[in-house]
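Student: Could you have a look at this structure, given as structure tokens, before my questions?
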Amino acid sequence: MTITLTFPDGSKREFKQGVTGVEVAQSISEGLARNALAIEVDGEVRDLARPITADAAIKILTWNDRGGKAAFWHSSAHLMAEALEALYPGVKFGIGPPIENGFYYDVDLNGRPFGEEDLAAVEKKMVELAKKASPFERRNVSKAEALEYFKAKGDPYKIELINDLEDGTITFYQQGNFVDLCRGPHIPNTGFIKAIKLLNVAGAYWRGDEKNKMLTRIYGITFPKNKELEEYLRMLEEAKKRDHRKLGKELELFAFSDKVGQGLPLWLPKGTILRERLEQFMRRAQVRAGYEPVVTPHIGGKELYVTSGHYEKYGKDSFQPIHTPDENEEFLLKPMNCPHHCEIYKVKPRSYRDLPLRLAEFGTVYRYEQSGELHGLTRVRGFTQDDAHIFCRPDQVKSEFVRVIDLVLHVFKSLGFENYTAQVSLRDPNNKEKYMGEDELWDRAEREIQEAADERGLKTVAVKGEAAFYGPKLDFMVKDALGRSWQLGTIQVDYQLPQRFELEYIGADNQRHRPVMIHRAPFGSLERFVAVLIEHCAGNFPLWLSPDQVAVLPISDRFNDYAQLVYDKLKEQDIRGLLDLRDEKITRKIRDAEIKKIPYMLIVGEREASEQKVAVRRHGQGDQGSVRLDDFVKDFKEACAPPA
RNA sequence: GCCGAGGUAGCUCAGCGGUAGAGCAGCUGAUUCGUAAUCAGCAGGUCGUGGGUUCAAAUCCCAUCCUCGGCUCCA
């Protein structure tokens with residue numbers, strides 16, 4: 001009996017029925033067989049050792065394939081579990097999946113503390129076990145047998161997992177003495193795992209539920225070669241240098257103060273320049289796109305949020321209301337700008353001809369975030385949204401949505417963000433009580449968002465359960481230096497607020513109609529955007545954003561007068577910079593300016609002063625030769641213009 | 001909020017029961033210099049905060065605040 005296997009290049013070959021992945025790999029080349037980790041059979045990743053029984057499209061997976069890496073790291077998690085069991089008998093296991101970079105295993109150490117030294121010990125044990133090259137053996141077990149095994153072993157988490165599984169679909173994997181409930185697939189044996197690094201320990205709730213017991217999560221990463229591990233660790237080091245919290249401090253962009261309060265950023269002068277440039281850029285883009293700026297207060301009466309529904313949803317675990325001394329009024333720090341904007345809408349009757357009405361505001365909002373959640377500028381308790389609310393007719397929703405997508409893409413492009421993902425954030429269908437509003441409107445909003453995104457050719461991923469409580473969203477996600485994903489821009493369709501605020505417009509039919517709202521913020525928040533921007537460009541901001549654009553550096557104090565003249569000339573032209581009159585050598589002044597990541601350095605000495613020139617040096621690029629001061633200014637003015 | 005790890009000079013960090021240290025930054029002086037660190041001197045800290053143990057605490061214990069890594073959350 002033979003079967004026909006189709007290879008990724010489309011070629012077909014006959015094999016005997018029951019051929020294994022290893023044999024297929026060997027038939028192609030010794031090298032491939034040596035590097036093969038798993039095999040994809042009709043889209044399903046499997047162990048190499050499993051016989052293939054029918055015609056199929058196959059692909060041998062190696063370290064270079066996503067599926068190969070996943071199997072490798074999944075097997076590494078098992079290896080770690082084996083080591084843990086050897087070192088800490090009685091340890092109970094949760095789940096141990098591969099992740100984007102490496103793997104983790106959640107374990108219950110019965111309250112035993114687990115620290116740095118333990119990581120090193122486990123790592124050592126893993127290396128030892130890996131050397132044995134124990135094969136990963138797959139075995140089908142009945143549900144009863146599976147339960148029996150873990151009951152005997154005393155592992156409540158596995159039992160819980162097995163109870164949720166269907167009899168007949170349960171498999172065990174074993175390597176060495178360690179047996180685990182596992183769907184697989186796994187690499188052939190532990191010998192492939194040559195380089196091992198356990199990264200950190202963290203707490204994690206069993207099944208991700210706050211109400212459950214907290215397990216110890218151990219993160220690690222492994223590689224087939226030591227060199228790759230070294231490279232990875234080097235890359236991590238590099239990424240740390242880009243961390244916005246580090247650069248924010250070094251470049252004096254922002255700071256925090258315990259006295260002001262955690263999560264409440266203080267923008268320093270240089271950071272403020274950066275922020276204000278971004279604001280100006282956005283203001284101009286928005287005016288062009290038909291938005292009208294408005295300004296609203298930082299607090300709002302409690303009733304406003306009762307009406308909007310925010311009070312019911314977040315009131316209890318938010319910053320507590322502010323009370324006035326005599327009248328006993330109650331105000332909330334505004335967590336959102338939309339209720340205020342709804343009230344602006346209601347200032348006068350609206351006609352269908354007035355729509356869409358686009359109200360924009362750089363609105364500073366305050367939200368109580370759990371203390372453990374605060375993170376540099378990316379997660380704070382007070383922040384400024386580049387917010388706007390579009391009030392439109394139902395028939396305008398899609399076209400308005402598309403216009404907003406265009407604006408967001410314009411912003412991302414202008415700032416060089418190319419690696420974003422567009423996420424359609426939908427309701428969790430199993431948890432509908434978390435959301436407000438009728439099914440019909442939700443379905444419609446979800447559909448319209450997807451259609452608008454498709455219209456602009458956006459590649460989107462739909463994620464259930466990520467919607468806001470009042471409506472679905474299109475979120476633009478960007479990764480930080482350490483690979484953590486953050487939401488920047490967001491666009492949200494909302495049928496709820498217009499209802500709650502009883503917003504109306506008079507239609508062409510002379511009847512009252514309800515407008516639809518679109519919430520949108522291309523940056524998301526200035527704080528988070530700046531954070532991601534810092535990491536994106538490693539502190540080397542585009543010229544138009546750079547807090548200091550030019551450093552004027554006289555060779556010695558004999559040329560201070562000319563340097564001052566150059567500096568004044570720049571200032572006249574609104575070029576931002578500093579003048580370094582310190583009694584230091586020019587090499588020193590250059591070094592300091594380079595460290596501050598100032599894009600341009602103008603070095604002036606004898607030669608320049610006598611000819612009204614400046615010697616231009618660019619950050620990271622070195623000496624560019626000298627030019628006439630006037631020419632420099634002219635060229636620079638062009639180069640530092642913000643994107644249109 | 002939860003689990004774990006940390007808070008020592010402006011910054012980066014050493015010290016981990018016996019009277020607070022280094023480098024950089026800062027200040028003063030010397031130096032007048034051509035593309036990534038000139039030399040010397042000085043000054044700078046109630047060791048996050050509050051309790052406790054001890055003859056003696058930065059060091060050990062407890063509490064608390066903040067930071068970091070995750071988890072949960074994220075209008």
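Naming scheme: A, B, ... for chains in displayed order of the structure tokens; residues 1 onward per chain; ligands 1 onward as shown.
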List every residue of segment 503-534 of chain A that DSSP, applied to the backbone of this structure, places in alpha helix (DSSP H), and write the result as a list in words.
Tutor: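 Those in segment 503-534 of chain A that DSSP calls alpha helix (DSSP H) are Leu526, Glu527, Arg528, Phe529, Val530, Ala531, Val532, Leu533 and Ile534 of chain A.
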Student: Identify every residue of chain A that has at least one atom within 9 Å of any atom of chain B, counting only C-alpha atoms (C1' of nucleotides), and report the result as a PyMOL selection string.
Tutor: chain A and resi 113-116+200-205+208-210+214-217+250+258+262+310+313-314+335-336+367+369-373+379+468-470+555-558+583-595+603-605+617+622-623
Student: For atom C1' of C61 of chain B and atom C1' of G17 of chain B, quote the distance in Å rounded to one decimal.
Tutor: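 These two atoms are separated by 13.4 Å.
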Student: Can you list, as a list in words, every residue of segment 47-134 of chain A that DSSP puts in strand (DSSP E)?
Tutor: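 After running DSSP on the backbone, segment 47-134 of chain A has strand (DSSP E) at Pro51, Ile52, Ala56, Ala57, Ile58, Lys59, Ile60, Leu61, Lys92, Phe93, Pro98, Ile99, Gly102, Phe103, Tyr104, Tyr105, Asp106, Val107 and Asp108 of chain A.
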Student: Identify which of the residues A:Trp73, A:Tyr435, A:Phe223, A:Tyr420 lies closest to Thr460 of chain A, counting only C-alpha atoms when measuring atom-to-atom distances.
Tutor: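 Looking only at the distances to Thr460 of chain A, the closest residue turns out to be A:Tyr420.
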Student: Considering only C-alpha atoms (C1' of nucleotides), return as a ChimeraX atom specification whatever protein or nucleic-acid residues lie within 9 Å of U8 of chain B, sequence-local ones (same chain, fewer than 2 positions apart) excluded.
Tutor: /B:15,20,45,47,58
